[in-house]
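The file coords_1.txt contains compact mmCIF, C-alpha atoms:
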```txt
# COMPACT_ATOMS: atom_id res chain seq x y z
CA MET E 37 12.26 -8.42 13.52
CA GLU E 38 9.15 -10.24 14.74
CA ASN E 39 10.53 -11.01 18.22
CA LYS E 40 12.95 -8.11 18.46
CA LYS E 41 12.61 -5.58 21.27
CA TYR E 42 12.39 -1.90 20.40
CA LYS E 43 12.62 1.09 22.69
CA LYS E 44 11.32 3.68 20.26
CA ILE E 45 9.39 3.22 16.99
CA LEU E 46 8.84 6.07 14.57
CA LEU E 47 5.51 5.78 12.74
CA ALA E 48 4.66 7.54 9.46
CA TYR E 49 1.23 8.75 10.57
CA SER E 50 -1.56 10.20 8.46
CA GLY E 51 -4.47 9.68 10.80
CA GLY E 52 -6.14 7.53 8.15
CA LEU E 53 -7.43 4.03 8.73
CA ASP E 54 -4.15 2.10 8.43
CA THR E 55 -1.95 4.26 10.63
CA SER E 56 -4.71 4.99 13.15
CA VAL E 57 -4.94 1.34 14.14
CA MET E 58 -1.17 0.90 14.07
CA ILE E 59 -0.42 2.94 17.17
CA PRO E 60 -2.24 0.60 19.60
CA TYR E 61 -1.20 -2.42 17.53
CA LEU E 62 2.51 -1.54 17.78
CA LYS E 63 2.22 -0.98 21.53
CA GLU E 64 0.56 -4.37 21.92
CA LYS E 65 3.03 -6.24 19.73
CA TYR E 66 6.22 -4.52 20.92
CA GLU E 67 5.48 -4.17 24.59
CA GLY E 68 7.28 -1.29 26.26
CA ALA E 69 8.11 0.52 23.03
CA GLU E 70 7.34 4.21 22.66
CA VAL E 71 5.59 5.20 19.45
CA ILE E 72 6.53 8.56 17.95
CA ALA E 73 4.11 9.63 15.22
CA VAL E 74 5.20 11.82 12.30
CA CYS E 75 2.65 13.47 10.03
CA ALA E 76 3.71 15.20 6.81
CA ASP E 77 1.56 18.12 5.74
CA VAL E 78 1.90 17.90 1.96
CA GLY E 79 -1.30 19.78 1.23
CA GLN E 80 -3.94 17.23 2.19
CA GLY E 81 -6.00 20.02 3.78
CA ASP E 82 -6.86 21.31 7.23
CA ASN E 83 -9.73 18.85 7.55
CA GLU E 84 -7.29 15.93 7.44
CA LEU E 85 -5.00 17.51 10.05
CA GLU E 86 -7.70 18.74 12.42
CA GLY E 87 -7.57 17.00 15.79
CA LEU E 88 -4.68 14.81 14.69
CA GLU E 89 -2.44 15.41 17.71
CA GLU E 90 -5.23 14.67 20.17
CA LYS E 91 -6.11 11.51 18.29
CA ALA E 92 -2.49 10.28 18.11
CA LEU E 93 -1.85 10.86 21.81
CA LYS E 94 -5.20 9.38 22.84
CA THR E 95 -4.50 6.16 20.94
CA GLY E 96 -1.08 5.72 22.55
CA ALA E 97 1.55 7.82 20.77
CA LYS E 98 4.21 9.46 22.93
CA LYS E 99 4.24 12.55 20.73
CA LEU E 100 3.30 13.75 17.25
CA TYR E 101 5.37 15.77 14.80
CA ILE E 102 3.44 17.67 12.13
CA LEU E 103 5.82 18.83 9.40
CA ASP E 104 4.77 21.49 6.88
CA LEU E 105 6.41 20.18 3.70
CA LYS E 106 4.29 21.86 1.04
CA GLU E 107 6.89 24.36 -0.20
CA GLU E 108 9.68 21.76 -0.18
CA LEU E 109 7.48 19.25 -1.99
CA VAL E 110 6.61 21.75 -4.72
CA ASN E 111 10.06 23.25 -5.25
CA ASP E 112 12.33 20.21 -4.81
CA TYR E 113 10.21 17.34 -6.15
CA ILE E 114 7.28 18.56 -8.27
CA LEU E 115 9.17 21.32 -10.09
CA PRO E 116 11.92 19.03 -11.46
CA ALA E 117 9.19 16.78 -12.87
CA ILE E 118 7.36 19.72 -14.45
CA LYS E 119 10.55 20.81 -16.19
CA ALA E 120 11.17 17.23 -17.31
CA GLY E 121 7.59 16.79 -18.51
CA ALA E 122 7.59 13.55 -16.52
CA LYS E 123 4.59 11.25 -16.85
CA TYR E 124 4.08 7.59 -16.04
CA GLU E 125 2.76 5.47 -18.90
CA GLY E 126 2.05 8.60 -20.88
CA GLN E 127 -0.78 9.89 -18.68
CA TYR E 128 -0.25 9.79 -14.93
CA LEU E 129 1.15 13.05 -13.52
CA LEU E 130 2.74 11.28 -10.54
CA GLY E 131 0.85 12.85 -7.65
CA THR E 132 1.49 10.19 -5.02
CA PRO E 133 5.12 9.37 -5.99
CA PHE E 134 6.12 13.03 -5.53
CA SER E 135 5.60 13.05 -1.77
CA ARG E 136 7.02 9.65 -0.81
CA PRO E 137 10.78 10.28 -1.13
CA LEU E 138 10.40 13.58 0.73
CA ILE E 139 8.43 11.99 3.57
CA ALA E 140 10.95 9.13 3.78
CA LYS E 141 13.81 11.61 4.03
CA LYS E 142 12.05 13.52 6.83
CA LEU E 143 11.31 10.28 8.68
CA THR E 144 15.02 9.50 8.83
CA GLU E 145 15.79 13.01 10.11
CA ILE E 146 13.28 12.64 12.96
CA ALA E 147 14.45 9.08 13.63
CA GLN E 148 18.01 10.32 14.09
CA LYS E 149 16.83 13.18 16.31
CA GLU E 150 14.70 10.87 18.47
CA LYS E 151 17.27 8.04 18.42
CA ALA E 152 14.57 5.64 17.21
CA ASP E 153 15.58 2.05 16.54
CA ALA E 154 12.82 1.32 13.99
CA ILE E 155 10.62 3.09 11.48
CA CYS E 156 7.11 1.86 10.69
CA HIS E 157 4.83 2.64 7.75
CA GLY E 158 1.28 1.62 6.88
CA CYS E 159 1.67 0.55 3.25
CA THR E 160 0.30 -2.73 1.99
CA GLY E 161 2.40 -5.52 0.52
CA LYS E 162 0.68 -5.08 -2.86
CA GLY E 163 1.33 -1.41 -3.45
CA ASN E 164 4.01 0.91 -4.75
CA ASP E 165 4.36 3.08 -1.66
CA GLN E 166 6.03 0.41 0.47
CA VAL E 167 8.93 0.40 -2.01
CA ARG E 168 9.03 4.21 -2.23
CA PHE E 169 9.18 4.66 1.53
CA GLU E 170 11.72 1.95 2.14
CA LEU E 171 14.10 2.91 -0.66
CA GLY E 172 13.89 6.50 0.56
CA ILE E 173 14.73 5.36 4.09
CA LYS E 174 17.62 3.22 2.81
CA ALA E 175 19.09 6.26 1.05
CA PHE E 176 19.67 7.96 4.43
CA MET E 177 19.52 5.22 7.10
CA PRO E 178 20.38 1.98 5.32
CA ASP E 179 20.65 -0.11 8.48
CA ILE E 180 17.56 0.89 10.48
CA ASP E 181 14.80 -1.71 10.90
CA VAL E 182 11.61 -0.97 8.97
CA LEU E 183 8.40 -2.43 10.38
CA VAL E 184 5.52 -3.13 7.99
CA PRO E 185 2.49 -4.56 9.84
CA TRP E 186 0.47 -5.04 6.64
CA ARG E 187 2.81 -7.83 5.54
CA ASN E 188 2.22 -10.10 8.47
CA TRP E 189 -0.55 -8.93 10.78
CA GLU E 190 -3.97 -10.46 11.09
CA LEU E 191 -5.73 -7.25 10.05
CA ASN E 192 -5.42 -8.21 6.39
CA SER E 193 -8.33 -6.18 5.05
CA ARG E 194 -9.70 -2.69 5.54
CA GLU E 195 -12.90 -4.21 6.97
CA LYS E 196 -10.90 -5.91 9.74
CA GLU E 197 -9.07 -2.67 10.42
CA ILE E 198 -12.37 -0.87 10.89
CA GLU E 199 -13.51 -3.58 13.30
CA TYR E 200 -10.24 -3.22 15.25
CA ALA E 201 -10.67 0.56 15.37
CA GLU E 202 -14.24 0.24 16.65
CA LYS E 203 -13.11 -2.26 19.29
CA HIS E 204 -10.35 0.07 20.52
CA ASN E 205 -12.52 3.23 20.30
CA ILE E 206 -10.33 4.80 17.62
CA PRO E 207 -12.26 7.59 15.86
CA LEU E 208 -12.37 7.34 12.05
CA LYS E 209 -13.55 9.80 9.41
CA ILE E 210 -14.62 7.06 7.01
CA LYS E 211 -17.50 4.61 6.77
CA ARG E 212 -17.54 1.11 5.31
CA GLU E 213 -19.63 2.18 2.33
CA THR E 214 -17.37 5.15 1.49
CA ASN E 215 -14.08 3.50 2.26
CA TYR E 216 -12.12 4.49 -0.85
CA SER E 217 -8.37 4.47 -0.49
CA LYS E 218 -7.31 8.08 -1.07
CA ASP E 219 -4.10 10.04 -1.22
CA LYS E 220 -4.17 13.82 -1.37
CA ASN E 221 -1.46 16.43 -1.60
CA VAL E 222 -1.08 19.90 -3.08
CA TRP E 223 -0.76 18.38 -6.57
CA HIS E 224 -3.54 15.79 -6.75
CA LEU E 225 -6.10 13.49 -5.19
CA SER E 226 -6.30 9.77 -5.96
CA HIS E 227 -9.20 7.35 -5.46
CA GLU E 228 -8.84 3.55 -5.39
CA GLY E 229 -10.79 0.55 -4.13
CA LEU E 230 -14.45 -0.48 -3.80
CA ASP E 231 -16.30 -0.34 -7.15
CA LEU E 232 -13.22 1.14 -8.86
CA GLU E 233 -11.40 -2.19 -8.51
CA ASN E 234 -13.37 -3.48 -11.51
CA PRO E 235 -12.44 -1.56 -14.70
CA ALA E 236 -15.85 -2.48 -16.12
CA ASN E 237 -17.51 -0.19 -13.58
CA GLU E 238 -18.00 3.44 -14.53
CA PRO E 239 -16.74 5.76 -11.77
CA ASN E 240 -19.47 7.58 -9.87
CA TYR E 241 -17.79 10.96 -10.34
CA ASP E 242 -20.53 12.90 -8.58
CA LYS E 243 -19.83 10.81 -5.51
CA ILE E 244 -16.02 10.73 -5.49
CA LEU E 245 -14.72 13.98 -6.99
CA GLU E 246 -13.51 16.53 -4.45
CA MET E 247 -11.20 18.92 -6.33
CA GLY E 248 -13.61 19.72 -9.14
CA VAL E 249 -16.52 18.62 -11.29
CA THR E 250 -16.92 16.61 -14.47
CA PRO E 251 -16.80 18.46 -17.80
CA MET E 252 -20.55 17.88 -18.12
CA LYS E 253 -21.17 19.82 -14.91
CA ALA E 254 -18.54 22.50 -15.51
CA LYS E 255 -19.69 26.07 -16.08
CA ASP E 256 -20.79 26.92 -19.60
CA GLU E 257 -18.30 29.71 -20.22
CA VAL E 258 -14.65 30.02 -21.26
CA THR E 259 -12.04 30.75 -18.60
CA LYS E 260 -8.81 32.38 -19.74
CA VAL E 261 -5.51 31.88 -17.93
CA SER E 262 -1.95 32.93 -18.66
CA ILE E 263 1.19 31.39 -17.19
CA TYR E 264 4.61 32.97 -17.46
CA PHE E 265 7.68 30.73 -17.16
CA GLU E 266 11.30 31.62 -16.42
CA LYS E 267 13.72 28.84 -17.33
CA GLY E 268 10.90 26.31 -17.16
CA VAL E 269 9.59 27.55 -13.80
CA PRO E 270 6.04 28.96 -13.57
CA VAL E 271 6.49 32.37 -11.91
CA LYS E 272 3.39 34.38 -12.88
CA LEU E 273 -0.29 33.55 -13.08
CA ASN E 274 -2.49 35.96 -15.03
CA GLY E 275 0.27 38.55 -14.94
CA LYS E 276 0.81 38.40 -11.17
CA LYS E 277 4.04 37.07 -9.68
CA GLU E 278 3.31 34.16 -7.34
CA SER E 279 5.15 31.31 -5.65
CA LEU E 280 4.83 27.98 -7.43
CA LEU E 281 2.78 26.67 -4.49
CA LYS E 282 0.27 29.50 -4.86
CA ILE E 283 0.11 29.04 -8.63
CA ILE E 284 -0.68 25.33 -8.22
CA GLN E 285 -3.28 26.01 -5.53
CA LYS E 286 -5.04 28.68 -7.60
CA LEU E 287 -4.97 26.59 -10.77
CA ASN E 288 -6.44 23.67 -8.81
CA VAL E 289 -9.50 25.81 -8.14
CA ILE E 290 -9.69 27.20 -11.69
CA GLY E 291 -9.10 23.81 -13.29
CA GLY E 292 -11.54 22.06 -10.98
CA GLU E 293 -14.33 24.47 -11.88
CA ASN E 294 -13.74 23.74 -15.56
CA GLY E 295 -13.62 19.95 -15.32
CA ILE E 296 -9.89 19.78 -16.07
CA GLY E 297 -7.52 16.99 -15.03
CA ILE E 298 -9.73 13.96 -14.34
CA LEU E 299 -8.00 10.70 -15.23
CA ASP E 300 -9.39 7.15 -15.03
CA LEU E 301 -6.34 4.92 -15.42
CA VAL E 302 -5.38 1.26 -15.29
CA GLU E 303 -1.64 1.36 -14.61
CA ASN E 304 1.13 -1.19 -14.17
CA ARG E 305 2.25 -1.04 -10.58
CA LEU E 306 5.89 -1.31 -9.62
CA VAL E 307 5.31 -4.73 -8.06
CA GLY E 308 3.95 -6.08 -11.36
CA MET E 309 0.17 -6.09 -10.91
CA LYS E 310 -2.31 -3.83 -12.67
CA SER E 311 -4.25 -1.30 -10.65
CA ARG E 312 -7.12 1.04 -11.48
CA GLY E 313 -7.44 4.50 -10.01
CA VAL E 314 -9.19 7.80 -10.59
CA TYR E 315 -6.92 10.82 -10.31
CA GLU E 316 -7.76 14.51 -9.96
CA THR E 317 -4.92 16.82 -11.06
CA PRO E 318 -6.56 20.05 -12.25
CA GLY E 319 -3.75 22.57 -11.72
CA GLY E 320 -0.99 20.19 -12.70
CA THR E 321 -2.69 19.31 -15.98
CA ILE E 322 -2.86 23.00 -16.93
CA ILE E 323 0.79 23.63 -15.98
CA TYR E 324 2.04 20.59 -17.91
CA LYS E 325 0.10 21.65 -21.01
CA ALA E 326 1.42 25.21 -20.86
CA HIS E 327 5.00 24.03 -20.35
CA GLU E 328 4.80 21.59 -23.27
CA LEU E 329 3.45 24.35 -25.52
CA LEU E 330 6.23 26.75 -24.56
CA GLU E 331 8.87 24.12 -25.29
CA THR E 332 7.55 23.72 -28.85
CA ILE E 333 8.90 27.17 -29.73
CA CYS E 334 11.91 27.30 -27.39
CA LEU E 335 13.63 23.93 -27.98
CA ASP E 336 15.37 22.88 -31.17
CA LYS E 337 14.15 19.74 -32.93
CA ASP E 338 16.85 17.34 -31.69
CA THR E 339 16.59 18.47 -28.07
CA GLN E 340 12.80 18.41 -28.09
CA HIS E 341 12.65 14.90 -29.58
CA PHE E 342 15.37 13.52 -27.30
CA LYS E 343 13.59 15.00 -24.30
CA TYR E 344 10.51 12.87 -25.00
CA GLY E 345 12.50 9.80 -23.98
CA ILE E 346 13.95 11.59 -20.96
CA SER E 347 10.43 12.55 -19.86
CA GLN E 348 9.32 8.92 -19.96
CA LYS E 349 12.41 7.67 -18.11
CA PHE E 350 12.16 10.42 -15.50
CA GLY E 351 8.53 9.44 -14.86
CA GLU E 352 9.46 5.78 -14.52
CA LEU E 353 12.27 6.53 -12.07
CA LEU E 354 9.97 8.62 -9.92
CA TYR E 355 7.15 6.07 -10.05
CA ASP E 356 9.56 3.19 -9.37
CA ALA E 357 11.01 4.69 -6.16
CA LYS E 358 14.36 5.70 -7.68
CA TRP E 359 14.37 9.40 -6.84
CA PHE E 360 17.55 9.22 -4.78
CA THR E 361 19.68 7.71 -7.55
CA PRO E 362 22.58 8.97 -9.69
CA LEU E 363 20.56 8.52 -12.88
CA ARG E 364 17.67 10.68 -11.67
CA GLU E 365 20.11 13.38 -10.58
CA ALA E 366 21.90 13.21 -13.93
CA LEU E 367 18.62 13.49 -15.82
CA SER E 368 17.68 16.53 -13.74
CA SER E 369 20.96 18.17 -14.73
CA PHE E 370 20.21 17.49 -18.40
CA VAL E 371 16.68 18.84 -18.03
CA ASP E 372 17.90 22.02 -16.30
CA LYS E 373 20.21 22.66 -19.26
CA THR E 374 17.31 22.33 -21.70
CA GLN E 375 15.27 24.83 -19.69
CA GLU E 376 17.72 27.72 -20.00
CA THR E 377 15.68 29.24 -22.84
CA VAL E 378 12.21 28.00 -21.81
CA THR E 379 11.03 31.46 -20.85
CA GLY E 380 7.83 33.08 -22.02
CA GLU E 381 4.07 33.34 -21.68
CA VAL E 382 1.38 30.83 -22.58
CA LYS E 383 -2.25 31.91 -22.74
CA LEU E 384 -4.91 29.21 -22.53
CA LYS E 385 -8.67 28.88 -22.75
CA LEU E 386 -10.40 26.36 -20.48
CA TYR E 387 -13.82 25.02 -21.35
CA LYS E 388 -15.59 21.91 -20.06
CA GLY E 389 -12.53 19.71 -19.62
CA ASN E 390 -10.67 21.09 -22.64
CA ILE E 391 -7.48 23.14 -22.71
CA MET E 392 -7.09 25.23 -25.86
CA VAL E 393 -4.10 27.38 -26.73
CA GLU E 394 -4.67 31.08 -27.30
CA SER E 395 -1.08 32.21 -27.76
CA ILE E 396 2.56 31.29 -27.08
CA SER E 397 5.33 33.88 -26.93
CA SER E 398 8.98 33.87 -25.88
CA PRO E 399 12.03 36.10 -26.28
CA TYR E 400 13.91 32.87 -27.12
CA SER E 401 11.44 31.60 -29.72
CA LEU E 402 12.99 29.58 -32.56
CA TYR E 403 9.86 30.01 -34.62
CA SER E 404 10.42 32.26 -37.63
CA GLU E 405 7.27 33.45 -39.31
CA GLN E 406 9.33 34.54 -42.31
CA ILE E 407 10.90 31.10 -42.82
CA ALA E 408 7.69 29.17 -42.12
CA SER E 409 5.52 31.36 -44.33
CA PHE E 410 3.79 29.88 -47.39
CA GLY E 411 4.02 33.29 -48.98
CA GLU E 412 6.88 34.74 -50.98
CA ASP E 413 10.08 35.28 -49.02
CA ASP E 414 13.77 35.95 -49.63
CA THR E 415 15.10 33.95 -46.66
CA PHE E 416 14.48 30.33 -47.66
CA ASP E 417 15.70 29.36 -51.14
CA GLN E 418 13.34 26.55 -52.08
CA THR E 419 15.61 25.38 -54.90
CA ASP E 420 18.03 24.16 -52.21
CA ALA E 421 15.51 21.41 -51.41
CA ALA E 422 16.32 19.45 -54.59
CA GLY E 423 19.98 18.95 -53.68
CA PHE E 424 19.08 18.15 -50.08
CA ILE E 425 16.59 15.48 -51.13
CA ASN E 426 19.09 13.91 -53.55
CA LEU E 427 21.72 13.59 -50.80
CA TYR E 428 19.25 12.63 -48.07
CA GLY E 429 17.74 9.92 -50.28
CA LEU E 430 21.02 8.58 -51.62
CA GLN E 431 20.92 5.36 -49.57
CA ILE E 432 17.32 4.67 -50.67
CA LYS E 433 18.24 5.31 -54.31
CA THR E 434 21.32 3.04 -54.09
CA LYS E 435 19.33 0.20 -52.49
CA ALA E 436 16.58 0.51 -55.11
CA LYS E 437 19.08 0.18 -57.95
CA LEU E 438 20.54 -2.91 -56.32
CA ASN E 439 17.08 -4.45 -55.96
CA ASN E 440 16.31 -3.79 -59.63
CA LYS E 441 19.38 -5.70 -60.89
```
Render the structure in this file as structure tokens.
Amino acid sequence: MENKKYKKILLAYSGGLDTSVMIPYLKEKYEGAEVIAVCADVGQGDNELEGLEEKALKTGAKKLYILDLKEELVNDYILPAIKAGAKYEGQYLLGTPFSRPLIAKKLTEIAQKEKADAICHGCTGKGNDQVRFELGIKAFMPDIDVLVPWRNWELNSREKEIEYAEKHNIPLKIKRETNYSKDKNVWHLSHEGLDLENPANEPNYDKILEMGVTPMKAKDEVTKVSIYFEKGVPVKLNGKKESLLKIIQKLNVIGGENGIGILDLVENRLVGMKSRGVYETPGGTIIYKAHELLETICLDKDTQHFKYGISQKFGELLYDAKWFTPLREALSSFVDKTQETVTGEVKLKLYKGNIMVESISSPYSLYSEQIASFGEDDTFDQTDAAGFINLYGLQIKTKAKLNNK
């Protein structure tokens, strides 16, 4: 692909450092090629999108598509993970992996519309996103060429990219001393690089946090929230019916004010290396907690325990770029079945980074106060326990007798 001629290259464009320098770079390297930029609005904020078209065209793009994908991201990618309880390595709520398969799918749709003969992205050769984008592209356009400048160009550091941008008069919103690698969408904001690359360094939260504050700086009062679910889907916030997008956006504000959802994590990347990042997921952390609590009264023991493994596998598939696979689709079908009775209200108290349960209620609750009571009851015959224990422990008893011979 190095010496191949292209008529039209589709570029996944964010307006950040990497993709900003790629427009003139692609035009230099593939002389005569048109560059079509595609920006996905996944909730990164108006500040990130402001002036983007002017910037793309000024640096050499033929045109810019800006796609509003927030609703689709929330309903088709984030919601299945909420219902699954998907986490990566037990903690990460998968903010960045949510958007990548969706963006890849949209890139192929625009590529087909524009009759592009290559798609380009700005991911590095060390990261997870290169795999997520390219597997997503393969799922819909398996034979199109994918160009990845980071793997072979001379701009092999962010410092060199900044120098290139300054040389070509490309406006940037970052400075060398604040050049964290960030990814933001409606669900989260991630921070990587600079001093965070050494796990021995404490994050300067006052400097990097944007969606909220630390628990130490959170307000000194309890905030109450209630979330109502229908079949595992959050549909009401504090008694008011809202779209899932609105619920997430409002909980981001509420959670941020209360120091909720800050995660400092060293994770195992898909490519095998370890990476350290700081993640802000205030609204998502609250929703996950409420959903888990509701499942404790709505799912039977076997289903609830089996679902723990499904949650882990679902998170791994999403993290490892396998969204568009038969297994992920099959797991989603299983999860949807488990959610048929996950309906009810969860009331929470938020205080300085903590989420405390106030109440859980559901018309499908399997919790029986009468059976669980330590008081006198006429439902549970406690004498039945002796026979159960004798049968349940038969194999242990038999083995013990053999050992004693």
What is the distance between atom CA of E:Val78 and atom CA of E:Lys218, in Å to one decimal?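 Between atom CA of E:Val78 and atom CA of E:Lys218 the gap works out to 13.8 Å.
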Top pick for closest residue to E:Gly319, considering E:Tyr216, E:Phe265, E:Tyr124, E:Trp223 and counting all atoms listed in the file: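 Ranked by minimum distance to E:Gly319, first place goes to E:Trp223.
In this structure, atom CA of E:Glu70 sits 12.1 Å away from atom CA of E:Thr95.
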Report as CSV: every residue of stretch 90-137 of chain E with an atom at most 12 Å from stretch 283-294 of chain E, its closest pair of atoms, and their distance in Å to one decimal, counting only C-alpha atoms, with rows sorted by chain and ascending residue number.
```
residue,atom,partner,partner_atom,distance
E:Lys106,CA,E:Gln285,CA,10.8
E:Glu107,CA,E:Ile284,CA,11.1
E:Leu109,CA,E:Ile284,CA,11.9
E:Val110,CA,E:Ile284,CA,8.8
E:Asn111,CA,E:Ile284,CA,11.3
E:Ile114,CA,E:Ile284,CA,10.4
E:Leu115,CA,E:Ile284,CA,10.8
E:Ile118,CA,E:Ile284,CA,11.6
```
Atom CA of E:Lys385 and atom CA of E:Asp256, how far apart in Å?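 These two atoms are separated by 12.7 Å.
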From E:Gln127, E:Phe350, E:Val261, E:Gly163, residue lying nearest E:Ile298 [only C-alpha atoms]: E:Gln127
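Distance annotation: of E:Lys325, E:His157, E:Lys99, E:Lys43, the residue with the minimal separation from E:Leu129 is E:Lys325; atom set is all atoms listed in the file.
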